[in-house]
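Report on one structure; see the data block that follows.
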Amino acid sequence: MKYWGKLGIVSMFAGLLFGAVNVQPAAAKSKQKTPTNPISKAFTDMTSTNIIKAQKLGKNDDVTFDIVLKPRNEQAMYQQALAVNTPGNADFKDYLTPAGIREKFGQSTTITNDWKSYLKQHHLQADAMDNGLLLVVDGKVKNINKTFRMDLNKATYHANPLQFGKAKPKIPGRLSKTVYTVVGMADHNSSRYFFPNTKVQLAMNGAQADTTTNFAKKGGYTSRFTDRYNVDSLYGQGATGKGQSIGLIGLGGVQRSNVLHFWNHEGASTNPSRLSVKQVPSDMVVYAKQLIQSNSMETTMDAEYAGSVAPQANVRIYWSESAFPTLVNAINSYSTAFNENRVSALSSSWALGPNSYMQLLKQRKVLTPKYADLYNLVYAQGACREFHCLRHLVTRARLSTPLRAFMAIRY
């Protein structure tokens with residue numbers, strides 16, 4: 001876990017997603033079949049079954065959203081991410097801390113403090129990440145509406161990154177000019193934002209389970225992984241994960257006793273201090289409380305196997321309490337892990353929807369138009385420091401030219 005894994009550029013072109021519908025005039029009586037518009041098909045598929053919509057927010061409900069600040073030199077940041085992970089480069093392994101990212105690329109402490117002070121005057125609480133690129137904001141609906149001159153129940157994105165209603169908010173220019181985008185502000189628009197509930201698969205089909213595997217081999221289940229990935233050679237060198245920490249991003253929590261029981265069965269260390277949980281600021285909690293999973297099977301299995309394959313490594317779960325994989329929850333999960341700077345590997349146990357779904361939300365003006373660029377920004381921060389990413393949020397993506405440093409996403 002001493003390097004950033006080889007990742008890749010995700011390339012999906014808008015032309016493939018927004019295929020023009022070539023409708024022939026009636027008089028021509030053309031027999032050509034009208035091409036299917038992918039966005040229309042995605043919407044039809046997703047809304048042909050029950051869908052999950054946000055409940056109307058009350059004026060005293062609490063909401064979380066993110067203000068993403070502009071990096072001072074975005075391209076230089078990407079080049080740095082590549083350089084520190086390229087053998088032979090003068091900057092190879094010259095990793096940055098979150099504070100180091102702020103110093104070179106983020107907004108100054110003065111700017112983030114000014115933002116926090118301004119929002120506090122409007123009864124909103126903001127926490128700034130150490131990299132100077134993200135403010136996580138929490139507050140009551142009535143105060144958010146007043147500050148941004150909008151109605152959260154009807155919010156949509158505009159050309160101005162701080163406008164979500166008919167009028168632009170009156171935010172000081174010294175602050176507004178630092179904004180890259182805002183995430184999560186339109187997630188509560190029940191007439192436009194939705195989740196399929198769900199016959200539509202939001203991830204690619206995986207390989208079929210191998211039902212012929214001898215689960216009892218070597219007295220445990222962990223050998224399924226260690227055999228497939230030839231881990232025994234590392235065990236032979238004394239590698240056990242000692243001194244390392246594995247981060248897991250999950251939509252659910254775990255019952256500690258279940259994880260420790262499994263570790264005991266697999267012969268891994270059962271020191272309770274190996275397992276910890278960090279709650280991540282999350283969106284959509286207001287109407288999704290019935291879906292909060294404090295004992296998730298998915299997260300439990302991830303923690304069990306991470307801690308048995310690396311039997312002495314610590315396992316830290318970044319729990320986004322909301323069960324909805326929204327963009328703001330994804331950004332907050334990764335950013336929290338990067339900001340803590342305490343895990344050396346990070347795996348995500350959930351994924352956002354396919355690009356057709358994300359483009360649909362963007363088209364309906366309830367998702368930031370910069371959502372793909374925002375991934376670049378977040379992943380580059382992980383690549384600038386000594387970090388190994390095991391699995392990613394993006395699904396149904398076409399991979400091309402490999403990069404060692406980070407996942408640069410282009411749609």
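Residues in the structure tokens are named by chain (A, B, ... in the order shown) and by number from 1 within that chain; ligands are numbered from 1 in the order shown.
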
List as JSON, numbers by chain the protein and nucleic acid residues near Val315 (chain A), meaning an atom at most 12 Å away when only C-alpha atoms are counted, but skip any in the same chain fewer than 4 places from it.
{"A": [241, 242, 243, 244, 245, 246, 247, 248, 249, 254, 256, 259, 260, 263, 269, 270, 271, 272, 273, 274, 275, 276, 277, 278, 299, 300, 302, 303, 304, 305, 306, 307, 308, 309, 310, 311, 342, 343, 344, 345, 346, 347]}

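Proximity of A:Asn295, A:Thr226, A:Gln55, A:Asn376 to Glu74 (chain A), computed with only C-alpha atoms, is greatest for A:Asn376.
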
I need the residues of region 52-172 of chain A that end up classed as helix (DSSP H, G or I) by DSSP on the backbone, written out as number ranges by chain.
A: 74-83, 98-104, 109-121, 141-148, 152-154

Which of region 50-194 of chain A counts as strand (DSSP E or B) under DSSP, as number ranges by chain please?
A: 51-53, 62-69, 125-128, 134-140, 179-183, 194

Selected residues, N, CA, C and O atoms, written as a compact mmCIF listing (two decimals), in the first residue's frame, please.
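Writing done, so here's selection.txt:
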```txt
# COMPACT_ATOMS: atom_id res chain seq x y z
N ILE A 51 -40.46 5.06 -8.10
CA ILE A 51 -39.30 5.90 -7.91
C ILE A 51 -39.33 6.52 -6.53
O ILE A 51 -40.39 6.66 -5.91
N ILE A 52 -38.16 6.86 -6.04
CA ILE A 52 -38.03 7.49 -4.73
C ILE A 52 -37.80 8.97 -4.93
O ILE A 52 -36.87 9.37 -5.62
N LYS A 53 -38.66 9.77 -4.35
CA LYS A 53 -38.53 11.22 -4.44
C LYS A 53 -38.35 11.81 -3.05
O LYS A 53 -38.73 11.21 -2.05
N ASP A 62 -32.95 20.28 8.87
CA ASP A 62 -31.52 20.51 8.65
C ASP A 62 -31.09 19.89 7.32
O ASP A 62 -31.49 18.77 7.00
N VAL A 63 -30.26 20.61 6.60
CA VAL A 63 -29.77 20.16 5.29
C VAL A 63 -28.26 20.38 5.21
O VAL A 63 -27.73 21.35 5.76
N THR A 64 -27.58 19.47 4.53
CA THR A 64 -26.13 19.58 4.32
C THR A 64 -25.85 19.76 2.83
O THR A 64 -26.45 19.07 2.00
N PHE A 65 -24.95 20.66 2.50
CA PHE A 65 -24.51 20.82 1.12
C PHE A 65 -23.05 21.26 1.13
O PHE A 65 -22.50 21.61 2.17
N ASP A 66 -22.42 21.20 -0.03
CA ASP A 66 -21.00 21.55 -0.15
C ASP A 66 -20.80 22.76 -1.04
O ASP A 66 -21.42 22.87 -2.11
N ILE A 67 -19.90 23.64 -0.63
CA ILE A 67 -19.40 24.70 -1.50
C ILE A 67 -17.97 24.31 -1.88
O ILE A 67 -17.10 24.21 -1.02
N VAL A 68 -17.77 24.04 -3.16
CA VAL A 68 -16.46 23.65 -3.66
C VAL A 68 -15.75 24.91 -4.17
O VAL A 68 -16.31 25.65 -4.97
N LEU A 69 -14.54 25.13 -3.67
CA LEU A 69 -13.80 26.33 -4.03
C LEU A 69 -12.83 26.06 -5.19
O LEU A 69 -12.34 24.93 -5.36
N GLN A 125 -23.68 26.73 9.60
CA GLN A 125 -22.41 26.22 10.11
C GLN A 125 -21.59 25.64 8.97
O GLN A 125 -22.08 24.81 8.20
N ALA A 126 -20.34 26.06 8.84
CA ALA A 126 -19.47 25.56 7.77
C ALA A 126 -18.17 25.02 8.35
O ALA A 126 -17.56 25.64 9.21
N ASP A 127 -17.76 23.86 7.86
CA ASP A 127 -16.47 23.27 8.20
C ASP A 127 -15.62 23.25 6.95
O ASP A 127 -16.07 22.77 5.89
N ALA A 128 -14.39 23.74 7.05
CA ALA A 128 -13.50 23.80 5.90
C ALA A 128 -12.51 22.65 5.94
O ALA A 128 -11.90 22.38 6.98
N LEU A 134 -12.85 22.83 -0.03
CA LEU A 134 -14.20 22.35 0.24
C LEU A 134 -14.72 22.88 1.56
O LEU A 134 -14.04 22.81 2.58
N LEU A 135 -15.95 23.39 1.52
CA LEU A 135 -16.68 23.81 2.70
C LEU A 135 -17.92 22.94 2.82
O LEU A 135 -18.74 22.88 1.88
N VAL A 136 -18.07 22.23 3.93
CA VAL A 136 -19.26 21.43 4.18
C VAL A 136 -20.18 22.27 5.05
O VAL A 136 -19.83 22.63 6.18
N VAL A 137 -21.35 22.58 4.51
CA VAL A 137 -22.27 23.54 5.16
C VAL A 137 -23.51 22.83 5.66
O VAL A 137 -24.08 21.98 4.97
N ASP A 138 -23.93 23.20 6.85
CA ASP A 138 -25.13 22.61 7.45
C ASP A 138 -25.98 23.73 8.03
O ASP A 138 -25.46 24.70 8.60
N GLY A 139 -27.29 23.60 7.88
CA GLY A 139 -28.17 24.62 8.46
C GLY A 139 -29.63 24.32 8.19
O GLY A 139 -29.97 23.36 7.50
N LYS A 140 -30.48 25.15 8.76
CA LYS A 140 -31.92 24.98 8.60
C LYS A 140 -32.36 25.52 7.24
O LYS A 140 -31.78 26.47 6.70
N VAL A 179 -15.83 30.47 -5.97
CA VAL A 179 -16.66 29.27 -6.01
C VAL A 179 -16.49 28.51 -7.33
O VAL A 179 -16.64 29.08 -8.41
N TYR A 180 -16.19 27.23 -7.21
CA TYR A 180 -16.07 26.32 -8.36
C TYR A 180 -17.45 25.77 -8.71
O TYR A 180 -17.89 25.82 -9.84
N THR A 181 -18.13 25.23 -7.71
CA THR A 181 -19.50 24.77 -7.86
C THR A 181 -20.08 24.51 -6.48
O THR A 181 -19.36 24.54 -5.48
N VAL A 182 -21.37 24.25 -6.41
CA VAL A 182 -22.04 23.88 -5.16
C VAL A 182 -22.69 22.52 -5.39
O VAL A 182 -23.27 22.27 -6.45
N VAL A 183 -22.60 21.65 -4.41
CA VAL A 183 -23.09 20.27 -4.57
C VAL A 183 -24.16 19.98 -3.52
O VAL A 183 -24.00 20.31 -2.35
N PHE A 194 -34.76 12.39 -8.50
CA PHE A 194 -35.36 11.12 -8.11
C PHE A 194 -34.31 10.02 -8.11
O PHE A 194 -33.24 10.14 -8.69
```

Point out the residue among A:Gly165, A:Pro281, A:Gly132, A:Gly236 with the least atom-to-atom distance to Pro71 (chain A), counting only C-alpha atoms.
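For Pro71 (chain A), the nearest of the given residues is A:Gly132.
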
Point-to-point distance in Å for CA of Leu367 (chain A) and CA of Gln121 (chain A)
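Answer for the CA of Gln121 (chain A) to CA of Leu367 (chain A) separation: 27.3 Å.
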
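The residue that comes closest to Ala330 (chain A), out of A:Tyr229, A:Tyr357, A:Tyr375, A:Tyr157 and on the basis of only C-alpha atoms, is A:Tyr375.
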
For Leu152 (chain A), work out the shell of residues within 10 Å, counting only C-alpha atoms and skipping chain neighbours fewer than 4 positions away, then give it as a PDB file with N, CA, C and O atoms, in the first residue's frame.
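Heads up, here's the output in around-v8.pdb:
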```pdb
ATOM      1  N   LYS A  56     -41.098  16.811   0.911  1.00  0.00           N
ATOM      2  CA  LYS A  56     -41.016  18.265   1.026  1.00  0.00           C
ATOM      3  C   LYS A  56     -40.333  18.649   2.331  1.00  0.00           C
ATOM      4  O   LYS A  56     -40.648  18.134   3.395  1.00  0.00           O
ATOM      5  N   LEU A  57     -39.383  19.565   2.218  1.00  0.00           N
ATOM      6  CA  LEU A  57     -38.651  20.017   3.399  1.00  0.00           C
ATOM      7  C   LEU A  57     -39.457  21.048   4.175  1.00  0.00           C
ATOM      8  O   LEU A  57     -40.110  21.916   3.597  1.00  0.00           O
ATOM      9  N   GLY A  58     -39.377  20.950   5.491  1.00  0.00           N
ATOM     10  CA  GLY A  58     -39.961  21.966   6.351  1.00  0.00           C
ATOM     11  C   GLY A  58     -38.940  23.055   6.631  1.00  0.00           C
ATOM     12  O   GLY A  58     -37.727  22.838   6.491  1.00  0.00           O
ATOM     13  N   LYS A  59     -39.375  24.209   7.039  1.00  0.00           N
ATOM     14  CA  LYS A  59     -38.457  25.340   7.201  1.00  0.00           C
ATOM     15  C   LYS A  59     -37.420  25.110   8.295  1.00  0.00           C
ATOM     16  O   LYS A  59     -36.344  25.725   8.282  1.00  0.00           O
ATOM     17  N   VAL A  63     -30.257  20.611   6.598  1.00  0.00           N
ATOM     18  CA  VAL A  63     -29.774  20.165   5.288  1.00  0.00           C
ATOM     19  C   VAL A  63     -28.262  20.379   5.214  1.00  0.00           C
ATOM     20  O   VAL A  63     -27.730  21.350   5.761  1.00  0.00           O
ATOM     21  N   VAL A 141     -33.396  24.896   6.713  1.00  0.00           N
ATOM     22  CA  VAL A 141     -33.911  25.250   5.386  1.00  0.00           C
ATOM     23  C   VAL A 141     -34.227  26.737   5.286  1.00  0.00           C
ATOM     24  O   VAL A 141     -33.871  27.402   4.303  1.00  0.00           O
ATOM     25  N   LYS A 142     -34.863  27.298   6.297  1.00  0.00           N
ATOM     26  CA  LYS A 142     -35.269  28.702   6.234  1.00  0.00           C
ATOM     27  C   LYS A 142     -34.070  29.629   6.093  1.00  0.00           C
ATOM     28  O   LYS A 142     -34.145  30.648   5.392  1.00  0.00           O
ATOM     29  N   ILE A 144     -31.037  28.742   4.782  1.00  0.00           N
ATOM     30  CA  ILE A 144     -30.438  28.510   3.469  1.00  0.00           C
ATOM     31  C   ILE A 144     -31.244  29.241   2.404  1.00  0.00           C
ATOM     32  O   ILE A 144     -30.680  29.912   1.523  1.00  0.00           O
ATOM     33  N   ASN A 145     -32.552  29.137   2.489  1.00  0.00           N
ATOM     34  CA  ASN A 145     -33.415  29.821   1.520  1.00  0.00           C
ATOM     35  C   ASN A 145     -33.191  31.328   1.526  1.00  0.00           C
ATOM     36  O   ASN A 145     -33.090  31.971   0.472  1.00  0.00           O
ATOM     37  N   PHE A 148     -29.548  32.294   0.117  1.00  0.00           N
ATOM     38  CA  PHE A 148     -29.344  32.081  -1.321  1.00  0.00           C
ATOM     39  C   PHE A 148     -30.541  32.528  -2.164  1.00  0.00           C
ATOM     40  O   PHE A 148     -30.555  32.283  -3.378  1.00  0.00           O
ATOM     41  N   THR A 156     -32.889  24.681  -8.587  1.00  0.00           N
ATOM     42  CA  THR A 156     -32.279  24.193  -9.830  1.00  0.00           C
ATOM     43  C   THR A 156     -30.978  24.949 -10.058  1.00  0.00           C
ATOM     44  O   THR A 156     -30.765  26.043  -9.530  1.00  0.00           O
ATOM     45  N   PHE A 164     -29.825  29.387  -7.373  1.00  0.00           N
ATOM     46  CA  PHE A 164     -30.678  28.204  -7.418  1.00  0.00           C
ATOM     47  C   PHE A 164     -32.165  28.566  -7.466  1.00  0.00           C
ATOM     48  O   PHE A 164     -33.023  27.701  -7.435  1.00  0.00           O
ATOM     49  N   GLY A 165     -32.446  29.866  -7.538  1.00  0.00           N
ATOM     50  CA  GLY A 165     -33.809  30.349  -7.674  1.00  0.00           C
ATOM     51  C   GLY A 165     -33.882  31.366  -8.798  1.00  0.00           C
ATOM     52  O   GLY A 165     -32.967  31.480  -9.619  1.00  0.00           O
ATOM     53  N   MET A 185     -27.367  21.091  -3.481  1.00  0.00           N
ATOM     54  CA  MET A 185     -28.390  22.102  -3.231  1.00  0.00           C
ATOM     55  C   MET A 185     -29.738  21.757  -3.868  1.00  0.00           C
ATOM     56  O   MET A 185     -30.783  22.157  -3.360  1.00  0.00           O
ATOM     57  N   ALA A 186     -29.717  21.010  -4.968  1.00  0.00           N
ATOM     58  CA  ALA A 186     -30.977  20.697  -5.655  1.00  0.00           C
ATOM     59  C   ALA A 186     -31.443  19.267  -5.413  1.00  0.00           C
ATOM     60  O   ALA A 186     -32.378  18.793  -6.065  1.00  0.00           O
ATOM     61  N   ASP A 187     -30.811  18.584  -4.469  1.00  0.00           N
ATOM     62  CA  ASP A 187     -31.171  17.181  -4.201  1.00  0.00           C
ATOM     63  C   ASP A 187     -32.572  17.024  -3.618  1.00  0.00           C
ATOM     64  O   ASP A 187     -33.088  15.906  -3.549  1.00  0.00           O
ATOM     65  N   HIS A 188     -33.165  18.122  -3.189  1.00  0.00           N
ATOM     66  CA  HIS A 188     -34.461  18.049  -2.510  1.00  0.00           C
ATOM     67  C   HIS A 188     -35.616  18.534  -3.385  1.00  0.00           C
ATOM     68  O   HIS A 188     -36.723  18.740  -2.900  1.00  0.00           O
ATOM     69  N   ASN A 189     -35.343  18.723  -4.663  1.00  0.00           N
ATOM     70  CA  ASN A 189     -36.372  19.143  -5.616  1.00  0.00           C
ATOM     71  C   ASN A 189     -37.160  17.908  -6.034  1.00  0.00           C
ATOM     72  O   ASN A 189     -36.754  17.163  -6.923  1.00  0.00           O
ATOM     73  N   SER A 190     -38.295  17.680  -5.392  1.00  0.00           N
ATOM     74  CA  SER A 190     -39.037  16.433  -5.590  1.00  0.00           C
ATOM     75  C   SER A 190     -39.663  16.312  -6.976  1.00  0.00           C
ATOM     76  O   SER A 190     -40.006  15.205  -7.406  1.00  0.00           O
TER      77      SER A 190
END
```

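Straight-line separation from CA of Trp115 (chain A) to CA of Leu175 (chain A): 6.7 Å.
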
Skip region 76-78 of chain A itself and residues of its chain fewer than 2 positions away, then list as a ChimeraX atom specification all residues within 10 Å of it, counting only C-alpha atoms.
/A:71-74,80-83,101,104-106,376-377,379-381,383-384,405-406,408

Can you pull out every residue within 8 Å of Asn131 (chain A), counting only C-alpha atoms, but drop anything in the same chain fewer than 4 positions away, and send it as a ChimeraX atom specification?
/A:98-103,106-107,339

Pick from A:Asp130, A:Asp283, A:Glu298, A:Asp61 nearest to Phe324 (chain A), counting only C-alpha atoms:
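Among the listed residues, A:Asp283 lies closest to Phe324 (chain A).
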
What gap, in Å, lies between CA of Thr109 (chain A) and CA of Pro169 (chain A)?
23.5 Å

From the options A:Arg149, A:Ser294, A:Arg364, A:Gly250, which residue's atoms come nearest to Ser333 (chain A), counting only C-alpha atoms?
A:Gly250

Would you mind telling me which residue in A:Asn329, A:Ser223, A:Ser233, A:Ser176 lies nearest to Gln163 (chain A) when using only C-alpha atoms?
A:Ser176
